[in-house]
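A short worksheet on the structure shown next.
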Amino acid sequence: MGHAIETNKLTKYYGKARGIVDVDLAVEEGEIFGFIGPNGAGKSTTIRTLLGLIKKTSGNASIFGMDCEKDKVKILSEVGYLPGEVFYYDRMRAIDLLRYSASFYKKDCTQRIKELADVLSLDLNKKIEDMSLGNKKKVGIVQGLLHSPKLIILDEPTSGLDPLMQRTFFDLIQRENERGATVLFSSHILGEVQRICDRVAIIKEGRIVDLRSIDDLRKNSYKKVSFTTQSPLADFALPGAAQIQQDGAQTSFLYNGDINALLGKLAGLSLVNADVSEPELEEIFLHYYEDGEANA
Amino acid sequence: MNVFRFELRRAWVGAAVWTLVILGLLGGLIIGALPAFLDSRAGVEAMLGSFPPAFAAAFGLEMDNLFSFGGFYTFGFLYYSLFGAILVAGIGLDLFSREKREKCMDFLLTKPRRRSRLFGEKLLAALTLMFCSNALFVAESLALYRAYAPAPLQMGYALLAAVSLFFTELVMFSIAVFAAVFARRIRSVSGTATAIGFAGFLLSALHSLLEEAALRYITPYQYFDVGKAFFEGRFETPYVLTAAVVTLALLALSYWKYTRADIPAL
């Protein structure tokens, strides 16, 4: 299968300020591709360059083999986009906005609008400005999907959605994917990306620092472990533990290894408290830095 | 043409209200005030008769103009221009800053439509509104001219005078489009439109007061001299050219910016 999205040394500077530098991406048709990085890393800049909202400084970007600047109109007719924050025209009911949105595509989207609104339990006759943040977001979702796009680009799409609606949203995206749509899903929340993506690119300070399959990421996934013992430990060591920090009776570290070995080790200690959790993205990035230094 | 229809639907009410204001003012001045003004002519002329003949002659031509349909129509034009400018500045600002104001640039600009086409449809919608408004103004002007001006009628001259409002409005419209596209944000369309209209009015007043010829080149309300159009059937070429250059340059710059600007994330 061909590439839905391909970028080659894609670079964007805002004046002298760095946007993205030499971004190489290749998203296969039909996959759900995660794009993850902390705020300000360049996720939105990449997406906005792909959508023709901003002009690249250098490099190439193509969608379905077409150039993102030259063939913008053709590309956009196949793309559905959902931004992180949705804003629409004042004094408009949801249905009017969606009809206006549909009028840009050469197909009848009436049925699809109704279906999507039903799935999301969205009242189409309500004025958008009177809606809650979550409901505005739903209008955005319908707006992004109503023309059954071949490529769906989601930029931090879950903000403002409650957990139940997030689940409905992920189901919807997965169904679109089964229908054949490719999905580019940008987020700064690792768990979200792990939940539905096939592969993930990690971007930091404008550059892609890693590209992995989600399976690979899981295998190599770090856990954040912290525990408190009854009396301070003299020394703590465990294969797979990194960044060990000890502060009195409290010990914390990142762990990448057999979970049984970890629990076995902990069982031998006299614990007051223990916590095993997903590390924050920043903590994982810290690791990328250390790896980089180790390799240098 | 969906953007054209969308913009028309959203902007026509505001345009209609201002058009009614202008039509009302024109009708009010001609139907309500002109006859009373003409009636007082005998008194003013008797007073002038007591002055030396040379003195009266010096003022004669102007007095003739003022006490006529054309003179009175010309006198009111400053105010039609002011309201017309507020009307079209409102249209220009509204249409061309709509997505910026309502923060939905992302919505419109990720639709499969070239930005040049979006600009074109918005421009066409604005010109349609301006054309309709001016068609009514011209029709009312000519109807009043037929009803209130003495024979022989010069319909061609009267038409040219009435159409000059549209030309002045085009200049003011291009200023508003430029402001809408280049300003980082537009807080209030009506406030900014009124400011643009009154800025034109103040420049015009300044020009009348100082009678400084060079000042007229930056006075849009004076580019098209309605008196010259009404009494002589012509405009003055240097100012017409200035108006054309200003309008085309501002629209061209706005087009350039609108079709190329980076749209930052919110």
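By convention in this document, the chains of the structure tokens carry letters A, B, ... by their order, each chain's residues are numbered from 1, and ligands are numbered from 1 in the order they are shown.
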
Exercise. Which residues of chain A are close to chain B, meaning at most 7 Å apart when you count only C-alpha atoms, and how do they look as a PyMOL selection string?
Worked result: chain A and resi 51+53-55+73-74+76-77+87-90+103-104

Exercise. Which polymer residues have any atom within 8 Å of an atom of Leu133 of chain A, counting only C-alpha atoms, with same-chain residues fewer than 3 positions away left out, as an MDAnalysis selection string?
Worked result: chainID A and resid 136:137 160:161

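Residue nearest Ser44 of chain A, chosen from A:Lys224, A:His188, A:Arg199, A:Lys70 and counting only C-alpha atoms: A:His188.
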
Please provide as a PDB file with N, CA and C atoms, in the first residue's frame all residues within 6 Å of segment 13-30 of chain A, with the sequence filter that same-chain residues fewer than 4 positions apart are discarded (counting only C-alpha atoms).
```pdb
ATOM      1  N   HIS A   3       1.720   5.442   0.609  1.00  0.00           N
ATOM      2  CA  HIS A   3       1.739   6.276   1.808  1.00  0.00           C
ATOM      3  C   HIS A   3       0.576   7.264   1.779  1.00  0.00           C
ATOM      4  N   ALA A   4      -0.124   7.341   2.892  1.00  0.00           N
ATOM      5  CA  ALA A   4      -1.169   8.364   3.000  1.00  0.00           C
ATOM      6  C   ALA A   4      -0.509   9.724   3.216  1.00  0.00           C
ATOM      7  N   ILE A   5       0.496   9.746   4.079  1.00  0.00           N
ATOM      8  CA  ILE A   5       1.235  10.990   4.345  1.00  0.00           C
ATOM      9  C   ILE A   5       2.719  10.691   4.213  1.00  0.00           C
ATOM     10  N   GLU A   6       3.416  11.545   3.539  1.00  0.00           N
ATOM     11  CA  GLU A   6       4.863  11.388   3.468  1.00  0.00           C
ATOM     12  C   GLU A   6       5.511  12.762   3.554  1.00  0.00           C
ATOM     13  N   THR A   7       6.420  12.926   4.482  1.00  0.00           N
ATOM     14  CA  THR A   7       7.170  14.190   4.535  1.00  0.00           C
ATOM     15  C   THR A   7       8.645  13.874   4.456  1.00  0.00           C
ATOM     16  N   ASN A   8       9.359  14.801   3.835  1.00  0.00           N
ATOM     17  CA  ASN A   8      10.772  14.600   3.619  1.00  0.00           C
ATOM     18  C   ASN A   8      11.508  15.866   4.024  1.00  0.00           C
ATOM     19  N   LYS A   9      12.229  15.779   5.115  1.00  0.00           N
ATOM     20  CA  LYS A   9      12.972  16.932   5.647  1.00  0.00           C
ATOM     21  C   LYS A   9      12.096  18.185   5.740  1.00  0.00           C
ATOM     22  N   GLY A  42       6.002  20.760  18.187  1.00  0.00           N
ATOM     23  CA  GLY A  42       5.902  20.892  16.730  1.00  0.00           C
ATOM     24  C   GLY A  42       4.828  20.018  16.108  1.00  0.00           C
ATOM     25  N   GLY A 180     -11.611   1.995   6.189  1.00  0.00           N
ATOM     26  CA  GLY A 180     -10.512   2.220   5.247  1.00  0.00           C
ATOM     27  C   GLY A 180      -9.789   3.546   5.439  1.00  0.00           C
ATOM     28  N   ALA A 181     -10.274   4.362   6.373  1.00  0.00           N
ATOM     29  CA  ALA A 181      -9.652   5.677   6.562  1.00  0.00           C
ATOM     30  C   ALA A 181      -8.318   5.555   7.303  1.00  0.00           C
ATOM     31  N   THR A 182      -7.384   6.366   6.878  1.00  0.00           N
ATOM     32  CA  THR A 182      -6.112   6.487   7.584  1.00  0.00           C
ATOM     33  C   THR A 182      -6.295   7.573   8.646  1.00  0.00           C
ATOM     34  N   GLY A 206      10.814  20.036  17.843  1.00  0.00           N
ATOM     35  CA  GLY A 206      10.758  20.214  16.396  1.00  0.00           C
ATOM     36  C   GLY A 206      11.327  19.062  15.584  1.00  0.00           C
ATOM     37  N   ARG A 207      11.911  18.070  16.232  1.00  0.00           N
ATOM     38  CA  ARG A 207      12.484  16.956  15.486  1.00  0.00           C
ATOM     39  C   ARG A 207      11.864  15.634  15.910  1.00  0.00           C
TER      40      ARG A 207
END
```

Could you find all residues in segment 78-264 of chain A that DSSP calls strand (DSSP E) from the backbone, and write them as a PDB file with C-alpha atoms, in the first residue's frame?
```
ATOM      1  CA  VAL A  79      -9.230  15.052   4.531  1.00  0.00           C
ATOM      2  CA  GLY A  80     -11.227  15.509   7.712  1.00  0.00           C
ATOM      3  CA  TYR A  81      -9.635  17.680  10.384  1.00  0.00           C
ATOM      4  CA  LEU A  82     -10.480  18.063  14.033  1.00  0.00           C
ATOM      5  CA  LEU A 151      -7.575  10.695   5.861  1.00  0.00           C
ATOM      6  CA  ILE A 152      -8.579  11.908   9.304  1.00  0.00           C
ATOM      7  CA  ILE A 153      -6.256  14.321  11.072  1.00  0.00           C
ATOM      8  CA  LEU A 154      -6.868  14.764  14.782  1.00  0.00           C
ATOM      9  CA  ASP A 155      -4.915  17.396  16.705  1.00  0.00           C
ATOM     10  CA  THR A 182      -6.112   6.487   7.584  1.00  0.00           C
ATOM     11  CA  VAL A 183      -5.822   8.374  10.862  1.00  0.00           C
ATOM     12  CA  LEU A 184      -3.131  10.759  12.067  1.00  0.00           C
ATOM     13  CA  PHE A 185      -3.652  11.237  15.765  1.00  0.00           C
ATOM     14  CA  SER A 186      -1.644  13.832  17.629  1.00  0.00           C
ATOM     15  CA  SER A 187      -1.619  13.960  21.389  1.00  0.00           C
ATOM     16  CA  ARG A 199       2.607   3.085  15.201  1.00  0.00           C
ATOM     17  CA  VAL A 200       3.761   6.233  16.868  1.00  0.00           C
ATOM     18  CA  ALA A 201       6.256   8.971  16.060  1.00  0.00           C
ATOM     19  CA  ILE A 202       7.709  10.930  18.929  1.00  0.00           C
ATOM     20  CA  ILE A 203       8.554  14.565  18.336  1.00  0.00           C
ATOM     21  CA  LYS A 204      10.617  16.759  20.583  1.00  0.00           C
ATOM     22  CA  ARG A 207      12.484  16.956  15.486  1.00  0.00           C
ATOM     23  CA  ILE A 208      11.289  13.357  15.285  1.00  0.00           C
ATOM     24  CA  VAL A 209      13.253  11.511  17.946  1.00  0.00           C
ATOM     25  CA  ASP A 210      11.752   8.067  17.576  1.00  0.00           C
ATOM     26  CA  LEU A 211       9.354   6.009  15.512  1.00  0.00           C
ATOM     27  CA  ARG A 212       8.003   2.773  16.925  1.00  0.00           C
ATOM     28  CA  SER A 213       5.185   0.298  16.699  1.00  0.00           C
ATOM     29  CA  LYS A 223       6.747   2.035  34.682  1.00  0.00           C
ATOM     30  CA  LYS A 224       7.146   4.685  37.274  1.00  0.00           C
ATOM     31  CA  VAL A 225       7.689   2.969  40.623  1.00  0.00           C
ATOM     32  CA  SER A 226       7.861   4.598  44.006  1.00  0.00           C
ATOM     33  CA  PHE A 227       7.651   3.087  47.460  1.00  0.00           C
ATOM     34  CA  THR A 228       8.215   3.963  51.088  1.00  0.00           C
ATOM     35  CA  THR A 229       9.839   1.559  53.509  1.00  0.00           C
ATOM     36  CA  ALA A 241      15.621   0.127  37.106  1.00  0.00           C
ATOM     37  CA  ALA A 242      16.878   3.517  36.023  1.00  0.00           C
ATOM     38  CA  GLN A 243      17.023   7.000  37.509  1.00  0.00           C
ATOM     39  CA  ILE A 244      16.891   5.576  41.044  1.00  0.00           C
ATOM     40  CA  GLN A 245      16.302   8.327  43.544  1.00  0.00           C
ATOM     41  CA  GLN A 246      16.356   7.775  47.302  1.00  0.00           C
ATOM     42  CA  ASP A 247      15.161  10.298  49.785  1.00  0.00           C
ATOM     43  CA  GLN A 250      11.263   6.906  49.955  1.00  0.00           C
ATOM     44  CA  THR A 251      12.663   5.344  46.798  1.00  0.00           C
ATOM     45  CA  SER A 252      11.549   6.012  43.222  1.00  0.00           C
ATOM     46  CA  PHE A 253      12.754   4.896  39.791  1.00  0.00           C
ATOM     47  CA  LEU A 254      11.705   4.107  36.225  1.00  0.00           C
ATOM     48  CA  TYR A 255      11.457   0.393  35.552  1.00  0.00           C
TER      49      TYR A 255
END
```

Seminar exercise, completed: Between atom CA of Tyr157 of chain B and atom CA of Leu251 of chain B lies a distance of 29.3 Å

For this session: Run DSSP on the backbone of this structure and report the residues of segment 83-272 of chain A it assigns to alpha helix (DSSP H), as a ChimeraX atom specification.
Result: /A:94-102,110-119,133-145,163-179,190-196,214-219,259-267

Exercise. Neighbours of Glu140 of chain B within 10 Å (only C-alpha atoms; same-chain residues fewer than 6 positions away dropped), as number ranges by chain?
Worked result: B: 23-24, 26-27, 134, 146, 162

For this session: For Ala161 of chain B, please output as a ChimeraX atom specification all residues within 7 Å (counting only C-alpha atoms; exclusion window: fewer than 4 positions along the same chain).
Result: /B:157,226,229-230

Write the residues of the preceding selection, restricted to N, CA and C atoms, as an mmCIF file, in the first residue's frame.
```cif
data_model
loop_
_atom_site.group_PDB
_atom_site.id
_atom_site.type_symbol
_atom_site.label_atom_id
_atom_site.label_comp_id
_atom_site.auth_asym_id
_atom_site.auth_seq_id
_atom_site.Cartn_x
_atom_site.Cartn_y
_atom_site.Cartn_z
ATOM 1 N N TYR B 157 -26.501 63.933 -16.195
ATOM 2 C CA TYR B 157 -25.713 64.567 -15.153
ATOM 3 C C TYR B 157 -26.178 64.101 -13.759
ATOM 4 N N VAL B 226 -19.283 65.798 -6.468
ATOM 5 C CA VAL B 226 -20.655 65.578 -6.916
ATOM 6 C C VAL B 226 -21.219 66.836 -7.591
ATOM 7 N N ALA B 229 -20.127 66.850 -11.118
ATOM 8 C CA ALA B 229 -20.885 65.832 -11.852
ATOM 9 C C ALA B 229 -22.279 66.353 -12.175
ATOM 10 N N PHE B 230 -22.915 67.006 -11.191
ATOM 11 C CA PHE B 230 -24.305 67.434 -11.369
ATOM 12 C C PHE B 230 -24.429 68.598 -12.353
#
```

For this session: For Arg5 of chain B, work out the shell of residues within 12 Å, counting only C-alpha atoms and skipping chain neighbours fewer than 3 positions away, then give it as a list in words.
Result: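 Once the nearby chain positions are removed, what remains is Tyr100 and Ser103 of chain A; Met1, Asn2, Leu8, Arg9, Arg10, Ala11, Trp12, Leu95, Leu118, Glu121, Lys122, Leu123, Leu124, Ala125, Ala126, Thr128 and Leu129 of chain B.
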
For this session: List the neighbours of Gly84 of chain B out to 9 Å using only C-alpha atoms; skip same-chain residues closer than 3 positions along the sequence, and give me the result as a count of residues only.
Result: 15

Exercise. So what do you get for atom CA of Arg48 of chain A versus atom CA of Glu115 of chain A, distance-wise?
Worked result: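 We find that atom CA of Arg48 of chain A and atom CA of Glu115 of chain A lie 28.5 Å from each other.
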
Exercise. Pick from B:Ala139, B:Leu153, B:Leu206, B:Leu170: nearest to Val245 of chain B, with only C-alpha atoms counted?
Worked result: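 When distances to Val245 of chain B are compared using only C-alpha atoms, the smallest one comes from B:Leu170.
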
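Picture a line from atom CA of Leu250 of chain B to atom CA of Ser133 of chain B; it runs 22.4 Å.
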